[in-house]
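Asker: My structure is stored as final.txt, with compact mmCIF, C-alpha atoms.
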# COMPACT_ATOMS: atom_id res chain seq x y z
CA MET A 1 0.00 0.00 0.00
CA ALA A 2 2.83 2.41 0.77
CA THR A 3 4.26 1.68 -2.68
CA LEU A 4 0.89 2.41 -4.32
CA LEU A 5 0.62 5.69 -2.41
CA MET A 6 4.06 6.86 -3.55
CA ALA A 7 3.38 5.74 -7.11
CA ASP A 8 0.35 8.03 -6.96
CA VAL A 9 2.64 10.87 -5.88
CA VAL A 10 4.76 10.28 -9.00
CA ARG A 11 1.67 10.32 -11.22
CA PHE A 12 0.40 13.50 -9.60
CA GLU A 13 3.72 15.32 -9.93
CA ALA A 14 4.30 14.10 -13.49
CA GLY A 15 0.77 15.11 -14.45
CA ALA A 16 1.18 18.60 -12.97
CA ALA A 17 4.58 19.04 -14.62
CA THR A 18 3.17 18.15 -18.05
CA GLY A 19 0.08 20.34 -17.77
CA SER A 20 -2.54 17.76 -16.85
CA ARG A 21 -4.51 17.05 -13.68
CA GLU A 22 -3.85 20.48 -12.25
CA GLY A 23 -4.11 24.01 -13.57
CA PRO A 24 -1.28 26.59 -13.52
CA GLY A 25 -0.13 28.27 -10.36
CA ARG A 26 -0.83 26.83 -6.91
CA GLY A 27 2.82 27.25 -6.02
CA ARG A 28 4.11 24.30 -8.01
CA PRO A 29 7.81 23.54 -7.48
CA ASN A 30 10.37 24.42 -10.13
CA PRO A 31 11.57 21.73 -12.59
CA ALA A 32 14.75 20.97 -10.64
CA THR A 33 12.75 20.40 -7.44
CA VAL A 34 10.26 18.22 -9.29
CA ARG A 35 13.10 16.04 -10.60
CA THR A 36 14.53 15.66 -7.10
CA ARG A 37 11.13 14.83 -5.65
CA LEU A 38 10.38 12.29 -8.36
CA ARG A 39 13.81 10.69 -7.97
CA HIS A 40 13.24 10.07 -4.24
CA ALA A 41 9.67 8.89 -4.81
CA LEU A 42 10.75 6.51 -7.59
CA ARG A 43 13.49 5.08 -5.39
CA PHE A 44 10.85 4.34 -2.75
CA VAL A 45 8.55 2.71 -5.31
CA ALA A 46 11.41 0.64 -6.76
CA ALA A 47 12.31 -0.67 -3.30
CA GLY A 48 8.70 -1.78 -2.86
CA LEU A 49 8.53 -3.49 -6.25
CA GLY A 50 11.87 -5.25 -6.46
CA GLY A 51 12.85 -7.49 -9.38
CA PRO A 52 12.62 -6.57 -13.08
CA GLU A 53 9.88 -3.99 -12.50
CA ALA A 54 12.20 -1.97 -10.29
CA GLU A 55 15.10 -2.21 -12.74
CA ASP A 56 12.89 -0.65 -15.41
CA LEU A 57 12.57 2.60 -13.45
CA PRO A 58 15.16 5.31 -14.20
CA SER A 59 17.65 6.19 -11.48
CA ARG A 60 17.85 9.77 -12.75
CA LEU A 61 15.35 12.05 -14.47
CA ASP A 62 17.63 14.71 -15.94
CA GLY A 63 16.75 15.40 -19.55
CA ILE A 64 13.58 13.29 -19.61
CA PRO A 65 10.93 15.24 -21.58
CA GLY A 66 7.36 15.66 -20.41
CA SER A 67 6.03 12.95 -22.73
CA ARG A 68 8.45 10.45 -21.22
CA LEU A 69 7.35 11.46 -17.73
CA ARG A 70 3.79 10.50 -18.66
CA GLU A 71 5.01 7.16 -20.02
CA LEU A 72 6.93 6.58 -16.81
CA ALA A 73 3.86 7.33 -14.71
CA ASP A 74 1.83 4.87 -16.79
CA ARG A 75 4.32 2.08 -15.99
CA LEU A 76 3.93 2.47 -12.24
CA PRO A 77 1.73 0.14 -10.20
CA GLY A 78 -1.82 1.24 -9.47
CA PRO A 79 -4.78 -0.12 -7.53
CA PRO A 80 -6.57 -3.07 -9.14
CA ALA A 81 -9.45 -2.02 -11.42
CA THR A 82 -12.12 -3.50 -9.15
CA GLY A 83 -15.05 -2.00 -7.33
CA GLY A 84 -13.38 -2.71 -4.00
CA TRP A 85 -10.52 -0.35 -4.88
CA ALA A 86 -12.69 2.49 -6.14
CA TRP A 87 -12.09 4.27 -2.84
CA PHE A 88 -8.35 4.80 -3.44
CA ASP A 89 -8.66 8.12 -5.27
CA VAL A 90 -10.85 9.64 -2.55
CA THR A 91 -8.39 8.85 0.25
CA VAL A 92 -6.60 12.14 -0.41
CA GLN A 93 -8.63 15.27 0.26
CA PRO A 94 -6.56 18.48 0.12
CA VAL A 95 -8.28 21.39 1.83
CA TYR A 96 -5.91 24.18 0.78
CA VAL A 97 -4.88 25.62 -2.59
CA LEU A 98 -1.16 24.80 -2.61
CA HIS A 99 0.21 22.04 -4.81
CA ASP A 100 2.40 20.42 -2.14
CA GLU A 101 -0.45 19.49 0.18
CA TYR A 102 -1.39 16.52 -2.02
CA PHE A 103 1.99 14.83 -1.83
CA PHE A 104 2.34 15.66 1.88
CA ILE A 105 -0.93 13.84 2.66
CA ARG A 106 0.28 10.82 0.68
CA ILE A 107 3.60 10.87 2.59
CA LEU A 108 1.73 10.76 5.92
CA GLN A 109 -0.39 7.88 4.68
CA ALA A 110 2.69 5.99 3.45
CA HIS A 111 4.30 6.46 6.86
CA GLU A 112 1.20 5.01 8.51
CA MET A 113 1.35 1.95 6.25
CA LEU A 114 5.03 1.39 7.07
CA PHE A 115 4.40 1.61 10.80
CA THR A 116 1.49 -0.81 10.44
CA ALA A 117 3.85 -3.28 8.75
CA MET A 118 6.52 -2.74 11.41
CA ALA A 119 4.00 -3.36 14.19
CA ASN A 120 3.00 -6.62 12.51
CA HIS A 121 6.63 -7.75 12.26
CA VAL A 122 7.17 -6.97 15.94
CA LYS A 123 4.05 -8.96 16.87
CA SER A 124 5.51 -11.89 14.95
CA ALA A 125 8.79 -11.45 16.83
CA VAL A 126 6.92 -11.69 20.14
CA ARG A 127 5.18 -14.89 19.00
CA ALA A 128 8.51 -16.40 17.98
CA LEU A 129 9.96 -15.66 21.40
CA ARG A 130 6.96 -17.24 23.12
CA ALA A 131 7.57 -20.29 20.94
CA GLY A 132 11.18 -20.41 22.19
CA SER A 133 12.86 -19.23 18.97
CA PRO A 134 15.08 -16.14 19.38
CA GLY A 135 16.56 -16.79 15.92
CA GLU A 136 13.19 -16.49 14.19
CA SER A 137 12.39 -13.47 16.33
CA ALA A 138 15.62 -11.85 15.10
CA GLU A 139 14.48 -12.31 11.49
CA ARG A 140 11.21 -10.51 12.19
CA ILE A 141 13.02 -7.69 14.03
CA ASP A 142 15.34 -7.28 11.05
CA ASP A 143 12.28 -7.09 8.78
CA ALA A 144 11.04 -4.16 10.88
CA ALA A 145 14.48 -2.52 10.82
CA ALA A 146 14.58 -2.75 7.01
CA ILE A 147 11.27 -0.89 6.79
CA PHE A 148 12.73 1.94 8.86
CA GLU A 149 15.20 2.52 6.03
CA ARG A 150 12.26 3.10 3.69
CA ALA A 151 10.57 5.37 6.24
CA ALA A 152 13.70 7.52 6.44
CA GLY A 153 13.57 7.86 2.65
CA LEU A 154 10.17 9.53 2.91
CA PHE A 155 11.78 12.42 4.78
CA ARG A 156 14.05 13.06 1.80
CA THR A 157 10.94 13.48 -0.33
CA VAL A 158 9.34 15.86 2.19
CA ALA A 159 12.55 17.91 2.21
CA THR A 160 11.74 19.05 -1.35
CA MET A 161 8.83 21.08 0.01
CA ARG A 162 9.24 24.80 0.67
CA ALA A 163 8.94 25.71 4.34
CA GLU A 164 6.64 28.64 3.63
CA HIS A 165 4.21 26.36 1.81
CA PHE A 166 4.16 23.90 4.69
CA SER A 167 3.51 26.79 7.08
CA ALA A 168 0.52 27.83 4.96
CA PHE A 169 -1.37 24.53 5.03
CA ARG A 170 -0.02 22.89 8.20
CA HIS A 171 -2.83 24.49 10.23
CA TYR A 172 -5.12 21.89 8.65
CA THR A 173 -2.92 18.93 9.61
CA GLN A 174 -3.37 18.96 13.38
CA GLY A 175 -2.98 15.45 14.79
CA ALA A 176 -1.45 14.17 11.55
CA SER A 177 2.24 14.18 12.42
CA ALA A 178 4.17 11.01 11.54
CA ILE A 179 5.61 10.68 15.04
CA GLN A 180 2.11 11.15 16.53
CA SER A 181 0.76 8.32 14.41
CA GLU A 182 -1.38 5.72 16.15
CA GLN A 183 0.49 2.93 14.36
CA TYR A 184 3.85 4.42 15.35
CA LYS A 185 2.80 4.33 18.99
CA ARG A 186 1.53 0.76 18.57
CA PHE A 187 4.88 -0.27 17.12
CA GLU A 188 6.70 1.44 20.00
CA SER A 189 4.52 -0.17 22.69
CA LEU A 190 4.97 -3.65 21.15
CA CYS A 191 8.73 -3.32 21.50
CA GLY A 192 8.35 -2.57 25.20
CA VAL A 193 5.89 -0.75 27.45
CA PRO A 194 7.13 2.88 27.56
CA PRO A 195 8.09 4.41 30.92
CA ASP A 196 5.27 6.05 32.89
CA PRO A 197 6.28 9.64 32.00
CA ARG A 198 5.95 8.83 28.31
CA LEU A 199 2.64 6.98 28.76
CA HIS A 200 1.28 10.07 30.54
CA SER A 201 2.65 12.52 27.97
CA ALA A 202 0.75 13.99 25.03
CA ALA A 203 2.45 11.40 22.83
CA PHE A 204 0.20 8.66 24.26
CA THR A 205 -2.75 10.60 25.66
CA SER A 206 -3.43 11.70 22.08
CA VAL A 207 -3.87 8.02 21.08
CA PRO A 208 -6.03 6.69 23.95
CA ALA A 209 -6.78 3.32 22.33
CA VAL A 210 -3.08 2.48 21.99
CA ARG A 211 -2.38 3.80 25.49
CA ALA A 212 -5.06 1.48 26.90
CA GLU A 213 -3.50 -1.46 25.03
CA ALA A 214 -0.04 -0.66 26.41
CA ARG A 215 -1.32 -0.43 30.00
CA ALA A 216 -3.34 -3.66 29.86
CA ALA A 217 -1.98 -6.55 31.94
CA SER A 218 -2.38 -8.86 28.95
CA HIS A 219 -0.30 -6.66 26.63
CA ASP A 220 2.72 -8.62 25.43
CA THR A 221 5.93 -7.10 24.12
CA VAL A 222 9.32 -8.12 22.78
CA THR A 223 10.87 -6.99 26.05
CA ARG A 224 8.58 -9.11 28.24
CA ALA A 225 8.87 -12.19 26.03
CA TYR A 226 12.66 -11.77 25.86
CA LEU A 227 13.07 -11.52 29.63
CA ASP A 228 10.71 -14.45 30.32
CA LEU A 229 12.51 -16.75 27.90
CA ARG A 230 15.92 -15.66 29.18
CA ARG A 231 14.94 -16.49 32.74
CA GLY A 232 13.85 -19.96 31.63
CA GLY A 233 17.22 -20.80 30.12
CA GLY A 234 16.11 -21.23 26.53
CA PRO A 235 18.16 -21.72 23.35
CA ASP A 236 21.92 -21.51 22.87
CA ARG A 237 24.04 -18.39 23.02
CA ALA A 238 24.32 -18.03 19.23
CA GLU A 239 20.58 -17.46 18.88
CA TRP A 240 20.59 -14.91 21.70
CA ASP A 241 23.54 -13.09 20.14
CA ARG A 242 21.70 -12.97 16.83
CA LEU A 243 18.61 -11.51 18.49
CA ASP A 244 20.64 -8.97 20.49
CA SER A 245 22.28 -7.79 17.28
CA ALA A 246 18.89 -7.45 15.56
CA LEU A 247 17.47 -5.47 18.49
CA GLY A 248 20.50 -3.18 18.34
CA ARG A 249 19.96 -2.59 14.61
CA LEU A 250 16.30 -1.73 15.10
CA GLU A 251 17.15 0.60 17.98
CA GLY A 252 19.82 2.31 15.91
CA ARG A 253 17.62 2.80 12.87
CA HIS A 254 14.82 4.12 15.05
CA GLN A 255 17.23 6.67 16.51
CA ARG A 256 18.42 7.73 13.05
CA TRP A 257 14.81 8.07 11.89
CA LYS A 258 14.01 10.32 14.85
CA SER A 259 17.12 12.42 14.19
CA ALA A 260 16.13 12.82 10.54
CA HIS A 261 12.62 13.84 11.60
CA ARG A 262 14.00 16.41 14.01
CA GLY A 263 16.33 17.86 11.38
CA LEU A 264 13.53 18.19 8.87
CA ALA A 265 11.22 19.76 11.46
CA ALA A 266 13.89 22.31 12.42
CA ARG A 267 14.07 23.39 8.79
CA MET A 268 10.30 23.45 8.22
CA LEU A 269 9.03 24.73 11.57
CA GLY A 270 11.77 26.74 13.20
CA ASP A 271 10.32 27.84 16.56
CA ALA A 272 6.69 27.11 15.63
CA HIS A 273 4.57 24.43 17.26
CA GLY A 274 4.46 20.99 15.68
CA SER A 275 1.64 19.54 13.61
CA GLY A 276 0.83 16.78 16.08
CA TYR A 277 -0.23 18.81 19.14
CA THR A 278 3.41 19.03 20.24
CA ASP A 279 5.93 21.78 20.91
CA GLY A 280 7.61 21.10 17.60
CA VAL A 281 11.40 20.88 17.49
CA PRO A 282 11.89 20.93 21.31
CA TYR A 283 9.52 17.95 21.57
CA LEU A 284 11.44 16.03 18.90
CA THR A 285 14.72 16.89 20.61
CA GLY A 286 13.41 15.53 23.91
CA VAL A 287 12.23 12.21 22.48
CA LEU A 288 15.67 11.50 21.04
CA GLU A 289 16.47 10.13 24.50
CA ASN A 290 13.70 7.52 24.34
CA ARG A 291 14.65 3.91 23.66
CA LEU A 292 12.46 1.08 22.37
CA PHE A 293 14.16 -1.61 24.48
CA TRP A 294 15.03 0.52 27.48
CA GLN A 295 14.52 -2.41 29.90
CA LEU A 296 16.96 -4.74 28.13
CA PRO A 297 20.64 -4.67 29.12
CA ALA A 298 21.73 -5.00 25.48
CA SER A 299 20.08 -1.68 24.55
CA ARG A 300 21.66 0.44 27.27
I'd like the structure from this file rewritten - as structure tokens, please.

Answerer:
Amino acid sequence: MATLLMADVVRFEAGAATGSREGPGRGRPNPATVRTRLRHALRFVAAGLGGPEAEDLPSRLDGIPGSRLRELADRLPGPPATGGWAWFDVTVQPVYVLHDEYFFIRILQAHEMLFTAMANHVKSAVRALRAGSPGESAERIDDAAAIFERAAGLFRTVATMRAEHFSAFRHYTQGASAIQSEQYKRFESLCGVPPDPRLHSAAFTSVPAVRAEARAASHDTVTRAYLDLRRGGGPDRAEWDRLDSALGRLEGRHQRWKSAHRGLAARMLGDAHGSGYTDGVPYLTGVLENRLFWQLPASR
């Protein structure tokens, strides 16, 4: 789904650049910015496709005429032509007049899809630990870590937006920040129950359903399953070492993702408040100290 969303971004940008789908004006980016934006978006789509389909996408767009851009857009994946997918086009509803709002909405949606996938991988890692298999759990954790690399790539696409344009329409995006995402918080709470100060902060009070899940006695996490299996003896050292390495990779990529988010926010927001009911850059600076596996010795 994230790949389909970003393919739609490419079609929208290519259509606007070649005079279709959108009239003149609306603060469209200049040709150089469009090429940069499309390059990052195509890289994201190619990573989602893999195989021969990905190899068919250009790595650079310099010198490609408008007609070729339309051909490129036509080669990208789209929703199946069935009644059940008729809703796809109405899942983006810009409410302002600037061009960049469309792609920004799609970026937020793509982030949500990636966090949904990461949460599912972490759930699978918990099940593997409960089944006594740290090695299989490590594979699922590495799957989640790989998705973080794609999530970081979305920030490079957002960085092509002009700060003044974001400031103009961001008033309509309250509660829609990537780091305030319900699925992001679900992913975080499946790694380990956050400390009480974080559970009582706006980060979790703004997503009450996820907060209730995290506080429930039945809520299972990688941290709890890891500690329970470790106390019971469990598999050999090699499997534990493999899992510890995977947890370290996920922790590290999560930290890099947060740092990239903070850097982008500093450029876009300056001293303004954030778009997710937060204090903006100071909030993102503060959460850099948070750890997913803060209760595990290997993550300290």

Asker: Between A:Leu129, A:Gly270, A:Gln295, A:Ser259, which has the minimum distance to Gly232 of chain A (counting all atoms listed in the file)?

Answerer: A:Leu129

Asker: Give me, as JSON lines, each residue of segment 73-124 of chain A that comes within 10 Å of segment 2-22 of chain A, together with its shortest interatomic pair and the distance in Å at one decimal, counting all atoms listed in the file, with rows ordered by chain and rising residue number.

Answerer:
{"residue": "A:Ala73", "atom": "CA", "partner": "A:Arg11", "partner_atom": "CA", "distance": 5.1}
{"residue": "A:Asp74", "atom": "CA", "partner": "A:Arg11", "partner_atom": "CA", "distance": 7.8}
{"residue": "A:Arg75", "atom": "CA", "partner": "A:Ala7", "partner_atom": "CA", "distance": 9.7}
{"residue": "A:Leu76", "atom": "CA", "partner": "A:Ala7", "partner_atom": "CA", "distance": 6.1}
{"residue": "A:Pro77", "atom": "CA", "partner": "A:Leu4", "partner_atom": "CA", "distance": 6.4}
{"residue": "A:Gly78", "atom": "CA", "partner": "A:Leu4", "partner_atom": "CA", "distance": 5.9}
{"residue": "A:Pro79", "atom": "CA", "partner": "A:Leu4", "partner_atom": "CA", "distance": 7.0}
{"residue": "A:Phe88", "atom": "CA", "partner": "A:Leu5", "partner_atom": "CA", "distance": 9.1}
{"residue": "A:Asp89", "atom": "CA", "partner": "A:Asp8", "partner_atom": "CA", "distance": 9.2}
{"residue": "A:Thr91", "atom": "CA", "partner": "A:Leu5", "partner_atom": "CA", "distance": 9.9}
{"residue": "A:Val92", "atom": "CA", "partner": "A:Leu5", "partner_atom": "CA", "distance": 9.9}
{"residue": "A:His99", "atom": "CA", "partner": "A:Glu22", "partner_atom": "CA", "distance": 8.6}
{"residue": "A:Asp100", "atom": "CA", "partner": "A:Glu13", "partner_atom": "CA", "distance": 9.4}
{"residue": "A:Tyr102", "atom": "CA", "partner": "A:Val9", "partner_atom": "CA", "distance": 7.9}
{"residue": "A:Phe103", "atom": "CA", "partner": "A:Val9", "partner_atom": "CA", "distance": 5.7}
{"residue": "A:Phe104", "atom": "CA", "partner": "A:Val9", "partner_atom": "CA", "distance": 9.1}
{"residue": "A:Ile105", "atom": "CA", "partner": "A:Val9", "partner_atom": "CA", "distance": 9.7}
{"residue": "A:Arg106", "atom": "CA", "partner": "A:Leu5", "partner_atom": "CA", "distance": 6.0}
{"residue": "A:Ile107", "atom": "CA", "partner": "A:Met6", "partner_atom": "CA", "distance": 7.3}
{"residue": "A:Leu108", "atom": "CA", "partner": "A:Leu5", "partner_atom": "CA", "distance": 9.8}
{"residue": "A:Gln109", "atom": "CA", "partner": "A:Ala2", "partner_atom": "CA", "distance": 7.5}
{"residue": "A:Ala110", "atom": "CA", "partner": "A:Ala2", "partner_atom": "CA", "distance": 4.5}
{"residue": "A:His111", "atom": "CA", "partner": "A:Ala2", "partner_atom": "CA", "distance": 7.5}
{"residue": "A:Glu112", "atom": "CA", "partner": "A:Ala2", "partner_atom": "CA", "distance": 8.3}
{"residue": "A:Met113", "atom": "CA", "partner": "A:Ala2", "partner_atom": "CA", "distance": 5.7}
{"residue": "A:Leu114", "atom": "CA", "partner": "A:Ala2", "partner_atom": "CA", "distance": 6.8}
{"residue": "A:Ala117", "atom": "CA", "partner": "A:Ala2", "partner_atom": "CA", "distance": 9.9}

Asker: Quick one: of A:His165, A:Ala266, A:Glu71, A:Gly248, who's nearest to Pro29 of chain A, counting all atoms listed in the file?

Answerer: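 Of all the options, A:His165 lies closest to Pro29 of chain A.
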
Asker: Calculated over only C-alpha atoms, which of the candidates A:Arg291, A:Arg262, A:Arg150, A:Arg242 has the smallest distance to Gly192 of chain A?

Answerer: A:Arg291

Asker: Write out as a VMD selection string each polymer residue whose atoms come within 9 Å of Arg253 of chain A, counting all atoms listed in the file; drop sequence neighbours fewer than 5 positions from it.

Answerer: chain A and resid 145 to 146 148 to 149 152 248 258

Asker: What's the 10 Å shell around Ala159 of chain A, counting all atoms listed in the file, without same-chain residues fewer than 2 positions away, as a ChimeraX atom specification?

Answerer: /A:33,36-37,154-157,161-163,263-265,267-268

Asker: May I have the residues from that selection written out with C-alpha atoms, as a PDB file, keeping the file's coordinate frame?

Answerer:
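What landed in result12.pdb:
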ATOM      1  CA  THR A  33      12.750  20.400  -7.440  1.00  0.00           C
ATOM      2  CA  THR A  36      14.530  15.660  -7.100  1.00  0.00           C
ATOM      3  CA  ARG A  37      11.130  14.830  -5.650  1.00  0.00           C
ATOM      4  CA  LEU A 154      10.170   9.530   2.910  1.00  0.00           C
ATOM      5  CA  PHE A 155      11.780  12.420   4.780  1.00  0.00           C
ATOM      6  CA  ARG A 156      14.050  13.060   1.800  1.00  0.00           C
ATOM      7  CA  THR A 157      10.940  13.480  -0.330  1.00  0.00           C
ATOM      8  CA  MET A 161       8.830  21.080   0.010  1.00  0.00           C
ATOM      9  CA  ARG A 162       9.240  24.800   0.670  1.00  0.00           C
ATOM     10  CA  ALA A 163       8.940  25.710   4.340  1.00  0.00           C
ATOM     11  CA  GLY A 263      16.330  17.860  11.380  1.00  0.00           C
ATOM     12  CA  LEU A 264      13.530  18.190   8.870  1.00  0.00           C
ATOM     13  CA  ALA A 265      11.220  19.760  11.460  1.00  0.00           C
ATOM     14  CA  ARG A 267      14.070  23.390   8.790  1.00  0.00           C
ATOM     15  CA  MET A 268      10.300  23.450   8.220  1.00  0.00           C
TER      16      MET A 268
END

Asker: Kindly give the distance, in Å, that separates atom CA of Leu190 of chain A and atom CA of Ala46 of chain A, rounded to a single decimal.

Answerer: 29.0 Å

Asker: Mind giving me the straight-line distance from atom CA of Val207 of chain A to atom CA of Asp220 of chain A in Å, one decimal?

Answerer: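 Computed distance, atom CA of Val207 of chain A to atom CA of Asp220 of chain A, equals 18.4 Å.
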